[in-house]
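Asker: My structure is in entry-v1.txt, and what it holds is compact mmCIF, C-alpha atoms:
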```txt
# COMPACT_ATOMS: atom_id res chain seq x y z
CA MET A 1 16.52 -87.80 -1.60
CA LYS A 2 18.05 -89.60 -4.53
CA GLN A 3 21.76 -89.40 -5.11
CA HIS A 4 21.52 -88.04 -8.64
CA ASP A 5 19.32 -85.20 -7.34
CA LEU A 6 21.96 -84.32 -4.79
CA ILE A 7 24.66 -84.44 -7.46
CA GLY A 8 22.57 -82.21 -9.75
CA ARG A 9 21.95 -79.68 -7.00
CA SER A 10 25.66 -79.68 -6.17
CA ARG A 11 26.56 -78.96 -9.79
CA ILE A 12 23.98 -76.18 -9.99
CA SER A 13 25.17 -74.65 -6.73
CA ARG A 14 28.72 -74.57 -8.11
CA THR A 15 27.84 -72.98 -11.46
CA VAL A 16 24.98 -70.68 -10.52
CA PRO A 17 26.40 -68.67 -7.54
CA SER A 18 28.74 -66.49 -9.54
CA PHE A 19 26.02 -65.71 -12.07
CA LEU A 20 23.46 -64.89 -9.40
CA HIS A 21 25.97 -62.83 -7.51
CA GLN A 22 26.72 -60.78 -10.61
CA ALA A 23 23.00 -60.40 -11.32
CA VAL A 24 22.35 -59.19 -7.79
CA LEU A 25 25.19 -56.70 -8.08
CA LEU A 26 23.86 -55.45 -11.43
CA VAL A 27 20.39 -55.00 -10.01
CA ALA A 28 21.84 -53.20 -7.00
CA VAL A 29 23.81 -50.85 -9.25
CA MET A 30 20.72 -50.07 -11.35
CA LEU A 31 18.57 -49.53 -8.28
CA GLY A 32 21.32 -47.42 -6.74
CA ALA A 33 21.44 -45.20 -9.84
CA ALA A 34 17.68 -44.77 -9.71
CA GLN A 35 17.79 -44.00 -6.01
CA ALA A 36 20.64 -41.52 -6.49
CA ARG A 37 18.32 -39.34 -8.52
CA ALA A 38 15.85 -39.20 -5.64
CA GLU A 39 18.19 -39.36 -2.67
CA GLU A 40 17.74 -35.64 -2.09
CA TYR A 41 13.98 -36.08 -1.79
CA GLN A 42 12.81 -36.47 1.78
CA LEU A 43 9.87 -38.73 2.40
CA GLY A 44 6.69 -37.59 4.07
CA THR A 45 3.21 -38.71 5.06
CA MET A 46 1.18 -40.33 2.24
CA ASP A 47 4.25 -41.14 0.12
CA LYS A 48 3.83 -44.67 -1.33
CA LEU A 49 6.93 -46.85 -1.49
CA LYS A 50 7.72 -50.08 -3.33
CA ILE A 51 10.08 -52.20 -1.24
CA ARG A 52 11.95 -55.32 -2.40
CA VAL A 53 14.24 -57.21 -0.04
CA ALA A 54 16.71 -59.93 -1.05
CA GLU A 55 19.63 -61.57 0.75
CA TRP A 56 22.72 -63.10 -0.74
CA GLN A 57 23.68 -66.09 1.39
CA THR A 58 27.40 -66.55 1.07
CA ALA A 59 27.55 -69.91 2.75
CA GLU A 60 24.85 -71.46 0.58
CA GLY A 61 25.78 -69.47 -2.53
CA ALA A 62 22.13 -68.66 -3.16
CA VAL A 63 19.76 -65.67 -3.06
CA ARG A 64 16.94 -65.59 -0.55
CA ASP A 65 13.91 -63.57 -1.53
CA TRP A 66 12.22 -61.94 1.45
CA SER A 67 8.84 -61.75 -0.23
CA VAL A 68 7.08 -61.54 3.12
CA VAL A 69 8.64 -58.12 3.68
CA SER A 70 8.57 -56.93 0.07
CA GLY A 71 5.56 -55.00 -1.20
CA GLU A 72 4.02 -51.51 -1.39
CA TYR A 73 3.70 -49.42 1.75
CA THR A 74 2.46 -45.92 2.59
CA VAL A 75 4.12 -43.57 5.04
CA GLY A 76 1.54 -43.19 7.79
CA PRO A 77 0.37 -40.07 9.63
CA SER A 78 3.05 -40.64 12.26
CA GLY A 79 5.73 -40.54 9.56
CA ALA A 80 6.57 -44.24 9.91
CA LEU A 81 6.37 -47.35 7.75
CA SER A 82 4.70 -50.43 9.19
CA LEU A 83 6.56 -53.56 7.94
CA PRO A 84 6.00 -57.22 8.81
CA PHE A 85 8.35 -58.49 11.56
CA ILE A 86 10.15 -55.14 11.60
CA GLY A 87 7.23 -53.10 12.90
CA ASP A 88 7.15 -49.29 12.66
CA LEU A 89 10.19 -47.82 10.99
CA PRO A 90 10.66 -43.99 10.91
CA ALA A 91 10.60 -42.71 7.32
CA ALA A 92 9.47 -39.06 7.31
CA GLY A 93 12.34 -36.71 6.60
CA LYS A 94 14.57 -39.53 5.28
CA THR A 95 15.59 -40.45 1.76
CA THR A 96 14.76 -43.79 0.11
CA THR A 97 18.41 -44.81 0.44
CA GLU A 98 18.36 -44.17 4.18
CA VAL A 99 15.15 -46.16 4.58
CA GLY A 100 16.62 -49.06 2.58
CA GLU A 101 19.71 -49.12 4.75
CA ALA A 102 17.55 -48.99 7.89
CA ILE A 103 15.45 -51.95 6.70
CA GLY A 104 18.55 -54.08 5.91
CA GLY A 105 20.19 -53.26 9.22
CA LYS A 106 17.01 -53.89 11.19
CA MET A 107 16.46 -57.30 9.56
CA GLN A 108 20.09 -58.35 10.06
CA THR A 109 19.87 -57.48 13.75
CA LEU A 110 16.38 -58.91 14.25
CA PHE A 111 17.07 -62.30 12.62
CA GLY A 112 20.75 -62.54 13.46
CA LEU A 113 21.71 -62.86 9.82
CA ARG A 114 25.32 -63.29 8.77
CA ASP A 115 24.79 -61.37 5.57
CA ARG A 116 22.96 -58.05 5.53
CA PRO A 117 19.83 -58.09 3.34
CA SER A 118 19.68 -55.64 0.45
CA ALA A 119 16.52 -53.50 0.54
CA SER A 120 15.49 -51.63 -2.60
CA VAL A 121 13.15 -48.71 -1.84
CA GLU A 122 11.49 -46.89 -4.73
CA LEU A 123 8.90 -44.14 -4.78
CA ALA A 124 5.75 -45.70 -6.19
CA GLN A 125 3.66 -42.54 -5.76
CA TYR A 126 4.46 -39.11 -4.36
CA ARG A 127 2.28 -37.57 -1.72
CA PRO A 128 -0.31 -35.22 -3.32
CA VAL A 129 -0.34 -31.46 -3.67
CA TYR A 130 -3.31 -29.26 -2.80
CA LEU A 131 -4.88 -26.32 -4.60
CA ALA A 132 -6.75 -23.58 -2.74
CA GLY A 133 -8.16 -20.14 -3.46
CA GLU A 134 -9.07 -18.73 -6.85
CA VAL A 135 -8.91 -21.98 -8.85
CA GLN A 136 -11.75 -23.61 -10.70
CA LYS A 137 -11.52 -26.91 -8.80
CA PRO A 138 -9.69 -26.68 -5.47
CA GLY A 139 -8.66 -29.94 -3.89
CA GLU A 140 -6.08 -32.72 -3.80
CA TYR A 141 -4.07 -33.65 -6.90
CA PRO A 142 -1.30 -36.21 -7.53
CA PHE A 143 2.23 -34.89 -7.73
CA VAL A 144 4.35 -35.43 -10.80
CA PRO A 145 8.02 -34.52 -11.28
CA ASN A 146 8.86 -31.05 -12.64
CA LEU A 147 5.52 -29.70 -11.42
CA THR A 148 5.27 -25.89 -11.30
CA VAL A 149 2.63 -23.56 -9.85
CA LEU A 150 1.13 -22.92 -13.31
CA LYS A 151 0.96 -26.65 -14.08
CA ALA A 152 -0.63 -27.33 -10.71
CA VAL A 153 -3.27 -24.64 -11.29
CA SER A 154 -4.00 -26.15 -14.71
CA LEU A 155 -4.68 -29.48 -12.99
CA GLY A 156 -7.45 -27.68 -11.10
CA GLY A 157 -9.01 -26.31 -14.28
CA GLY A 158 -7.22 -22.95 -14.20
CA LEU A 159 -8.32 -19.79 -12.43
CA ARG A 160 -11.84 -19.69 -11.08
CA ARG A 161 -14.52 -18.57 -13.52
CA SER A 162 -18.16 -17.88 -12.83
CA GLU A 163 -21.07 -18.28 -15.19
CA SER A 164 -21.51 -14.52 -15.18
CA GLY A 165 -17.80 -13.78 -15.39
CA GLN A 166 -18.27 -11.28 -18.21
CA ARG A 167 -20.71 -9.26 -16.14
CA PHE A 168 -18.30 -9.19 -13.23
CA ALA A 169 -15.51 -8.17 -15.60
CA ARG A 170 -17.68 -5.24 -16.76
CA ASP A 171 -18.43 -4.39 -13.13
CA TYR A 172 -14.71 -4.38 -12.49
CA ILE A 173 -14.05 -2.04 -15.43
CA ASN A 174 -16.80 0.37 -14.28
CA ALA A 175 -15.58 0.33 -10.69
CA HIS A 176 -12.00 0.75 -11.88
CA GLY A 177 -12.98 3.80 -13.96
CA GLU A 178 -14.78 5.40 -11.03
CA SER A 179 -11.85 4.60 -8.78
CA SER A 180 -9.43 6.27 -11.21
CA VAL A 181 -11.55 9.44 -11.32
CA GLN A 182 -11.90 9.44 -7.54
CA THR A 183 -8.18 8.87 -7.07
CA ALA A 184 -7.38 11.84 -9.32
CA GLU A 185 -9.88 14.01 -7.40
CA ARG A 186 -8.37 12.82 -4.11
CA ASN A 187 -4.88 13.80 -5.27
CA ARG A 188 -6.17 17.25 -6.25
CA LEU A 189 -7.83 17.71 -2.86
CA LEU A 190 -4.69 16.59 -1.02
CA ILE A 191 -2.66 19.20 -2.89
CA ARG A 192 -5.32 21.84 -2.17
CA ARG A 193 -5.24 20.94 1.52
CA ALA A 194 -1.45 21.23 1.55
CA ARG A 195 -1.73 24.67 -0.09
CA LEU A 196 -4.32 25.86 2.46
CA GLN A 197 -2.19 24.59 5.33
CA ALA A 198 0.81 26.47 3.91
CA GLU A 199 -1.24 29.68 3.59
CA ILE A 200 -2.55 29.34 7.16
CA ALA A 201 0.98 28.81 8.46
CA ASP A 202 2.20 31.72 6.27
CA LYS A 203 4.79 29.53 4.57
CA GLY A 204 6.52 30.46 1.35
CA GLY A 205 5.86 27.14 -0.42
CA ILE A 206 3.69 24.01 -0.47
CA GLU A 207 5.01 20.83 1.13
CA LEU A 208 4.12 17.79 -0.99
CA PRO A 209 2.20 15.19 1.09
CA LYS A 210 3.94 11.84 1.55
CA ASP A 211 0.97 10.02 0.01
CA LEU A 212 1.58 11.85 -3.28
CA GLN A 213 5.33 11.49 -3.55
CA GLY A 214 6.20 9.65 -6.73
CA VAL A 215 2.64 9.80 -8.12
CA SER A 216 2.52 10.34 -11.85
CA GLY A 217 1.38 13.82 -12.93
CA ILE A 218 1.51 15.26 -9.42
CA ASP A 219 4.10 17.89 -10.42
CA LYS A 220 1.53 19.64 -12.62
CA LEU A 221 -1.04 19.76 -9.80
CA LEU A 222 1.62 21.11 -7.43
CA ALA A 223 2.63 23.80 -9.93
CA ASN A 224 -1.01 24.87 -10.39
CA GLU A 225 -1.64 25.15 -6.65
CA THR A 226 1.66 26.99 -6.17
CA ALA A 227 0.65 29.51 -8.87
CA LEU A 228 -2.79 29.92 -7.25
CA MET A 229 -1.16 30.45 -3.86
CA ALA A 230 1.13 33.14 -5.30
CA SER A 231 -1.81 34.87 -7.02
CA ARG A 232 -3.92 34.90 -3.85
CA ASP A 233 -0.97 36.20 -1.85
CA ARG A 234 -0.43 39.04 -4.32
CA LYS A 235 -4.11 39.95 -4.22
CA GLN A 236 -4.18 40.09 -0.42
CA LYS A 237 -0.98 42.13 -0.27
CA LEU A 238 -2.36 44.60 -2.82
CA GLN A 239 -5.53 45.04 -0.78
CA LEU A 240 -3.56 45.55 2.41
CA LYS A 241 -1.23 47.98 0.66
CA SER A 242 -4.20 49.98 -0.65
CA LEU A 243 -5.60 50.28 2.86
CA ALA A 244 -2.17 51.23 4.20
CA ASP A 245 -1.81 53.92 1.51
CA LEU A 246 -5.29 55.24 2.31
CA LYS A 247 -4.42 55.45 6.01
CA SER A 248 -1.19 57.26 5.19
CA LEU A 249 -3.03 59.74 2.94
CA LEU A 250 -5.70 60.38 5.55
CA GLU A 251 -3.09 60.89 8.26
CA SER A 252 -1.32 63.40 6.01
CA GLU A 253 -4.63 65.17 5.45
CA ILE A 254 -5.25 65.29 9.18
CA GLN A 255 -1.85 66.86 9.71
CA SER A 256 -2.53 69.46 6.97
CA LEU A 257 -5.92 70.28 8.45
CA ALA A 258 -4.33 70.67 11.87
CA LYS A 259 -1.87 73.19 10.49
CA LYS A 260 -4.59 75.00 8.60
CA SER A 261 -6.71 75.06 11.75
CA ASP A 262 -3.82 76.64 13.68
CA THR A 263 -3.46 79.32 11.02
CA GLN A 264 -7.15 80.11 11.01
CA ASN A 265 -7.24 80.25 14.81
CA ARG A 266 -4.38 82.76 14.87
CA GLN A 267 -6.15 84.93 12.29
CA LEU A 268 -9.33 84.64 14.33
CA GLU A 269 -7.52 85.81 17.44
CA LEU A 270 -6.11 88.87 15.61
CA VAL A 271 -9.48 89.80 14.15
CA MET A 272 -11.13 89.40 17.55
CA GLU A 273 -8.47 91.71 19.10
CA ASP A 274 -9.23 94.34 16.39
CA ARG A 275 -12.93 93.97 17.07
CA GLU A 276 -12.43 94.58 20.78
CA LYS A 277 -10.41 97.70 20.01
CA ILE A 278 -13.05 99.01 17.59
CA GLU A 279 -15.78 98.35 20.14
CA GLY A 280 -13.82 100.44 22.69
CA LEU A 281 -13.41 103.31 20.22
CA ALA A 282 -17.04 103.04 19.17
CA GLU A 283 -18.15 103.51 22.76
CA LYS A 284 -16.12 106.70 22.83
CA GLY A 285 -17.54 107.80 19.47
CA LEU A 286 -14.19 107.54 17.75
CA ALA A 287 -14.92 104.57 15.40
CA LEU A 288 -17.46 104.07 12.67
CA SER A 289 -20.15 101.46 12.99
CA GLN A 290 -19.38 100.18 9.46
CA ARG A 291 -15.87 99.25 10.50
CA LYS A 292 -17.24 97.37 13.44
CA LEU A 293 -19.69 95.49 11.23
CA GLN A 294 -16.90 94.41 8.88
CA LEU A 295 -14.89 93.00 11.78
CA GLU A 296 -17.92 91.13 13.05
CA GLN A 297 -18.40 89.53 9.63
CA ARG A 298 -14.73 88.63 9.46
CA VAL A 299 -14.86 86.93 12.86
CA ALA A 300 -17.90 84.93 11.77
CA GLU A 301 -16.17 83.83 8.57
CA LEU A 302 -13.05 82.72 10.40
CA GLN A 303 -15.06 80.84 13.01
CA ALA A 304 -16.97 79.05 10.22
CA ALA A 305 -13.69 78.17 8.47
CA VAL A 306 -12.22 76.79 11.69
CA LEU A 307 -15.37 74.74 12.23
CA ASP A 308 -15.16 73.34 8.68
CA ILE A 309 -11.52 72.42 9.22
CA ASP A 310 -12.32 70.68 12.50
CA THR A 311 -15.19 68.82 10.79
CA ALA A 312 -12.94 67.73 7.92
CA SER A 313 -10.25 66.65 10.39
CA LEU A 314 -12.78 64.62 12.37
CA LYS A 315 -14.02 62.94 9.20
CA ALA A 316 -10.46 62.13 8.15
CA LYS A 317 -9.81 60.57 11.55
CA GLN A 318 -12.98 58.50 11.16
CA ASP A 319 -11.78 57.39 7.74
CA VAL A 320 -8.41 56.39 9.24
CA SER A 321 -10.21 54.37 11.87
CA LYS A 322 -12.38 52.74 9.19
CA ALA A 323 -9.30 51.93 7.09
CA ALA A 324 -7.66 50.31 10.11
CA GLN A 325 -10.85 48.34 10.75
CA ASP A 326 -10.96 47.33 7.09
CA ASP A 327 -7.36 46.13 7.39
CA THR A 328 -8.27 44.04 10.42
CA ASN A 329 -11.43 42.74 8.76
CA LEU A 330 -9.51 41.84 5.62
CA ARG A 331 -7.00 39.80 7.61
CA ASN A 332 -9.75 38.17 9.70
CA ASP A 333 -11.85 37.41 6.63
CA TRP A 334 -8.78 35.93 4.93
CA ASP A 335 -8.06 33.67 7.92
CA ALA A 336 -11.73 32.70 8.22
CA GLN A 337 -11.95 31.92 4.51
CA LEU A 338 -8.81 29.77 4.71
CA ALA A 339 -10.22 27.90 7.70
CA GLN A 340 -13.56 27.41 5.94
CA ASP A 341 -11.87 26.23 2.73
CA LEU A 342 -9.74 23.80 4.72
CA GLN A 343 -12.82 22.47 6.53
CA ASN A 344 -14.68 22.03 3.24
CA THR A 345 -11.67 20.29 1.71
CA GLU A 346 -11.44 17.90 4.66
CA ALA A 347 -15.14 17.12 4.31
CA GLU A 348 -14.74 16.48 0.58
CA LEU A 349 -11.77 14.19 1.29
CA ASP A 350 -13.79 12.23 3.85
CA THR A 351 -16.68 11.82 1.40
CA LEU A 352 -14.30 10.87 -1.40
CA SER A 353 -12.54 8.32 0.81
CA ILE A 354 -15.87 6.60 1.44
CA LYS A 355 -16.66 6.58 -2.29
CA LEU A 356 -13.18 5.34 -3.12
CA GLY A 357 -13.47 2.57 -0.54
CA THR A 358 -16.83 1.55 -2.03
CA SER A 359 -15.33 1.44 -5.53
CA ARG A 360 -12.45 -0.69 -4.31
CA ASP A 361 -14.85 -3.03 -2.53
CA LEU A 362 -16.79 -3.41 -5.79
CA MET A 363 -13.55 -4.10 -7.65
CA ALA A 364 -12.52 -6.69 -5.08
CA GLU A 365 -15.95 -8.34 -5.28
CA ALA A 366 -15.71 -8.47 -9.07
CA LEU A 367 -12.28 -10.05 -8.77
CA LEU A 368 -13.54 -12.66 -6.34
CA GLN A 369 -16.37 -13.54 -8.69
CA SER A 370 -14.21 -13.55 -11.80
CA ALA A 371 -10.53 -14.20 -11.14
CA GLU A 372 -9.58 -13.77 -14.77
CA ALA A 373 -10.58 -10.11 -14.47
CA ALA A 374 -7.46 -9.67 -12.35
CA GLN A 375 -5.31 -10.45 -15.38
CA MET A 376 -6.86 -7.86 -17.70
CA LYS A 377 -4.07 -5.89 -19.37
CA ASP A 378 -5.56 -2.51 -18.54
CA ASN A 379 -5.68 -3.32 -14.86
CA THR A 380 -2.33 -4.97 -14.15
CA ALA A 381 -1.23 -1.98 -12.09
CA GLU A 382 -4.30 -2.22 -9.89
CA ALA A 383 -5.10 -5.90 -9.52
CA ALA A 384 -3.33 -9.23 -9.97
CA ILE A 385 -3.42 -12.90 -9.13
CA THR A 386 -0.74 -13.69 -6.57
CA TYR A 387 0.47 -17.15 -5.65
CA SER A 388 1.96 -18.56 -2.49
CA ILE A 389 3.03 -22.00 -1.31
CA ILE A 390 2.47 -23.40 2.16
CA ARG A 391 5.27 -25.88 2.76
CA GLU A 392 6.18 -27.82 5.86
CA ARG A 393 9.62 -27.01 7.21
CA ASP A 394 11.01 -28.53 10.37
CA GLY A 395 7.55 -29.78 11.21
CA LYS A 396 5.94 -26.33 10.89
CA PRO A 397 3.93 -24.96 7.96
CA THR A 398 5.61 -21.97 6.31
CA GLU A 399 4.07 -19.73 3.63
CA VAL A 400 6.38 -18.45 0.90
CA ALA A 401 5.68 -16.20 -2.08
CA ALA A 402 5.63 -17.86 -5.48
CA ASP A 403 4.98 -17.18 -9.15
CA GLU A 404 3.77 -19.30 -12.06
CA ASN A 405 7.19 -20.85 -12.63
CA THR A 406 8.00 -21.72 -9.02
CA PRO A 407 8.72 -25.48 -8.61
CA VAL A 408 6.23 -27.40 -6.49
CA LEU A 409 7.19 -30.15 -4.07
CA PRO A 410 5.05 -33.07 -2.87
CA GLY A 411 2.76 -32.09 -0.03
CA ASP A 412 2.73 -28.38 -0.97
CA VAL A 413 -0.43 -26.28 -0.72
CA ILE A 414 -0.68 -23.80 -3.59
CA LYS A 415 -2.83 -20.72 -2.93
CA ALA A 416 -4.06 -18.41 -5.67
CA GLU A 417 -5.48 -15.09 -4.51
CA ALA A 418 -6.98 -12.12 -6.33
CA ASN A 419 -5.46 -9.02 -4.78
CA LEU A 420 -6.41 -5.35 -5.23
CA ALA A 421 -3.50 -2.94 -4.81
CA THR A 422 -4.09 0.16 -2.66
CA GLN A 423 -2.67 3.55 -3.40
```
Could you rewrite the structure in this file as structure tokens?
Answerer:
Amino acid sequence: MKQHDLIGRSRISRTVPSFLHQAVLLVAVMLGAAQARAEEYQLGTMDKLKIRVAEWQTAEGAVRDWSVVSGEYTVGPSGALSLPFIGDLPAAGKTTTEVGEAIGGKMQTLFGLRDRPSASVELAQYRPVYLAGEVQKPGEYPFVPNLTVLKAVSLGGGLRRSESGQRFARDYINAHGESSVQTAERNRLLIRRARLQAEIADKGGIELPKDLQGVSGIDKLLANETALMASRDRKQKLQLKSLADLKSLLESEIQSLAKKSDTQNRQLELVMEDREKIEGLAEKGLALSQRKLQLEQRVAELQAAVLDIDTASLKAKQDVSKAAQDDTNLRNDWDAQLAQDLQNTEAELDTLSIKLGTSRDLMAEALLQSAEAAQMKDNTAEAAITYSIIRERDGKPTEVAADENTPVLPGDVIKAEANLATQ
């Protein structure tokens, strides 16, 4: 090597080091500021990194560019980076700053370097996010900063639509209308069943079923059934009271007839005594036959009167027995009618439950075929699109509820589902 070349290099080495050193520091500060914004982000599989490694050699006063190590790398399925000379370096769960420090330390140890190399690690491309469920185009999509659930769904073309979406929307409206009518009928039957159960148990009021607590308009149905229950109770009590009054009247009649019968029997005994006396005198020729005939007629009249009284008393007793039987029959018929009404109500509820289930199945099918039907204003209380995110935490997938504005992280799986609320 010529002397003037050596002199030139010496001059350059004396003037350039401070400049290069300052440049390296400036670059490090800039890279550090960029990395500070992402130091909270933890790397994962399929993240792409851009790595640049340089070493400031104090003794030589020069910068060594480790181009053989620099380049773009992807975090592999095992969560490690595969670098030349260094080999596999764990990266999953670490920040870019931590990976850079690990690379510098590994190289210093591996090559026995006096100065520790500076490794700049930048995110070249985030790992993708995934869309599943009721989206137009499910699949894998690149992650961008500030991504939300709504933005992610828009990447997939929005909510799923079918060519016959309008028909399915109409099917949903029809099924929803039938379901509303059936739900109202079901509520009415549940209140009726509660009223019948209260009447069977002879309770003073209707206990509102738990399924109907808080339901809009249920107070009116409860008031109507309560009024009906009170009316039926009054009617039954009036019928029972009428039968009780009839029995009391008949029993009083029986007592009066018994007294009347006693009176007639005493008169009959007196007349029969007179007749015996007249017969004795008539045998002796001391009494007239006409007097005897009159007594005979009187005895016959009294005997007929006693017989009529006994007949009337017997009929009154039969009427008392019939009234008692009518009382029993009325109570039995009332219980039987309640049991029959309850059985019919249960049967109607079973049939209605099947119809309501069919309507809800039709609504769910319409939602599956046309997800936008779930966002119809008239049906927000019944059906809706719900979102959730499946995110890996501590090496395990965890599903969390989300909405349209929930932030999305790289590697997340966003699910959109059309749900039908049950009452």
Asker: At most 9 Å is the cut-off: for each residue in range 235-284 of chain A with any atom that close to an atom of range 328-342 of chain A, write down the nearest atom pair and the distance in Å rounded to one decimal, counting only C-alpha atoms, chain first then increasing number, as JSON lines.
Answerer:
```
{"residue": "A:Gln236", "atom": "CA", "partner": "A:Trp334", "partner_atom": "CA", "distance": 8.2}
{"residue": "A:Gln239", "atom": "CA", "partner": "A:Leu330", "partner_atom": "CA", "distance": 8.2}
{"residue": "A:Leu240", "atom": "CA", "partner": "A:Leu330", "partner_atom": "CA", "distance": 7.7}
```
Asker: Store the residues picked out above, limited to C-alpha atoms, as a short mmCIF file (atom, residue, chain, number, x, y, z; two decimals), in the frame of the given file.
Answerer:
```cif
data_model
loop_
_atom_site.label_atom_id
_atom_site.label_comp_id
_atom_site.auth_asym_id
_atom_site.auth_seq_id
_atom_site.Cartn_x
_atom_site.Cartn_y
_atom_site.Cartn_z
CA GLN A 236 -4.18 40.09 -0.42
CA GLN A 239 -5.53 45.04 -0.78
CA LEU A 240 -3.56 45.55 2.41
#
```
Asker: Work out how far CA of Thr311 in chain A is from CA of Glu296 in chain A, in Å to one decimal.
Answerer: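 Atom-to-atom, CA of Glu296 in chain A and CA of Thr311 in chain A are spaced 22.6 Å apart.
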Asker: Pick out the closest residue to Leu302 in chain A from this set: A:Val129, A:Leu270, A:Leu155, A:Leu147. Count all atoms listed in the file.
Answerer: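 Closest candidate: A:Leu270.
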Asker: Kindly indicate which residue among A:Met229, A:Pro407, A:Leu212, A:Arg170 lies nearest to Ala198 in chain A, using only C-alpha atoms for the distances.
Answerer: A:Met229
Asker: State, in Å with one decimal place, the distance from CA of Ser388 in chain A to CA of Ile414 in chain A.
Answerer: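 According to the coordinates, CA of Ser388 in chain A and CA of Ile414 in chain A are separated by 6.0 Å.
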Asker: Residues at most 6 Å from range 157-160 of chain A, counting all atoms listed in the file, excluding those fewer than 4 positions away in the same chain, as a VMD selection string?
Answerer: chain A and resid 134 to 136 153 371
Asker: Using only C-alpha atoms, which residues sit within 12 Å of Asn187 in chain A once same-chain residues fewer than 2 positions away are excluded, as JSON, numbers by chain?
Answerer: {"A": [180, 181, 182, 183, 184, 185, 189, 190, 191, 192, 193, 194, 208, 209, 210, 211, 212, 213, 214, 215, 216, 217, 218, 219, 220, 221, 222, 225, 345, 348, 349, 352, 353, 423]}
Asker: What does the structure give for the distance between CA of Leu83 in chain A and CA of Ser70 in chain A, in Å to one decimal?
Answerer: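 One can read the CA of Leu83 in chain A to CA of Ser70 in chain A distance as 8.8 Å.
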Asker: Would you pick out the contacts of Leu81 in chain A at 10 Å or less, using only C-alpha atoms, so that residues sharing its chain but fewer than 5 positions from it are not included, and give the list as a ChimeraX atom specification?
Answerer: /A:45,48-49,73-76,86-92,99
Asker: Could you write out the selected residues, including C-alpha atoms, as a PDB file, keeping the file's coordinate frame?
Answerer:
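The result, written out as result.pdb:
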```
ATOM      1  CA  THR A  45       3.210 -38.710   5.060  1.00  0.00           C
ATOM      2  CA  LYS A  48       3.830 -44.670  -1.330  1.00  0.00           C
ATOM      3  CA  LEU A  49       6.930 -46.850  -1.490  1.00  0.00           C
ATOM      4  CA  TYR A  73       3.700 -49.420   1.750  1.00  0.00           C
ATOM      5  CA  THR A  74       2.460 -45.920   2.590  1.00  0.00           C
ATOM      6  CA  VAL A  75       4.120 -43.570   5.040  1.00  0.00           C
ATOM      7  CA  GLY A  76       1.540 -43.190   7.790  1.00  0.00           C
ATOM      8  CA  ILE A  86      10.150 -55.140  11.600  1.00  0.00           C
ATOM      9  CA  GLY A  87       7.230 -53.100  12.900  1.00  0.00           C
ATOM     10  CA  ASP A  88       7.150 -49.290  12.660  1.00  0.00           C
ATOM     11  CA  LEU A  89      10.190 -47.820  10.990  1.00  0.00           C
ATOM     12  CA  PRO A  90      10.660 -43.990  10.910  1.00  0.00           C
ATOM     13  CA  ALA A  91      10.600 -42.710   7.320  1.00  0.00           C
ATOM     14  CA  ALA A  92       9.470 -39.060   7.310  1.00  0.00           C
ATOM     15  CA  VAL A  99      15.150 -46.160   4.580  1.00  0.00           C
TER      16      VAL A  99
END
```
Asker: Box in all listed atoms of range 287-301 of chain A, axis-aligned, with 5 Å more on each side; write out centre and edge lengths in Å to one decimal as AutoDock Vina command-line options.
Answerer:
```
--center_x -17.4 --center_y 94.2 --center_z 12.0 --size_x 15.4 --size_y 30.7 --size_z 16.8
```
Asker: Using only C-alpha atoms, pick whichever of A:Gly112, A:Gly100, A:Pro410, A:Gly133 has the shortest atom-to-atom distance to Pro145 in chain A.
Answerer: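 Of A:Gly112, A:Gly100, A:Pro410, A:Gly133, the one nearest Pro145 in chain A is A:Pro410, counting only C-alpha atoms.
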Asker: Calculated over only C-alpha atoms, which of the candidates A:Glu276, A:Asp262, A:Glu101, A:Glu251 has the smallest distance to Leu314 in chain A?
Answerer: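 Of the candidates, the smallest distance to Leu314 in chain A is held by A:Glu251.
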Asker: Between A:Ser261, A:Arg291, A:Lys241, A:Gly156, which residue has the minimum interatomic distance to Ala304 in chain A, considering all atoms listed in the file?
Answerer: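 With all atoms listed in the file as the atom set, the closest residue is A:Ser261.
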Asker: Any idea what's packed within 6 Å of Pro128 in chain A, counting only C-alpha atoms, ignoring anything in its chain fewer than 3 positions away? Could you give it as a list in words?
Answerer: Tyr141, Pro142, Phe143, Pro410 and Gly411 of chain A
Asker: Smallest atom-to-atom distance to Thr386 in chain A: which of A:Glu199, A:Asp171, A:Asp274, A:Glu417, using all atoms listed in the file?
Answerer: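 Checking each of A:Glu199, A:Asp171, A:Asp274, A:Glu417 against Thr386 in chain A, counting all atoms listed in the file, the winner is A:Glu417.
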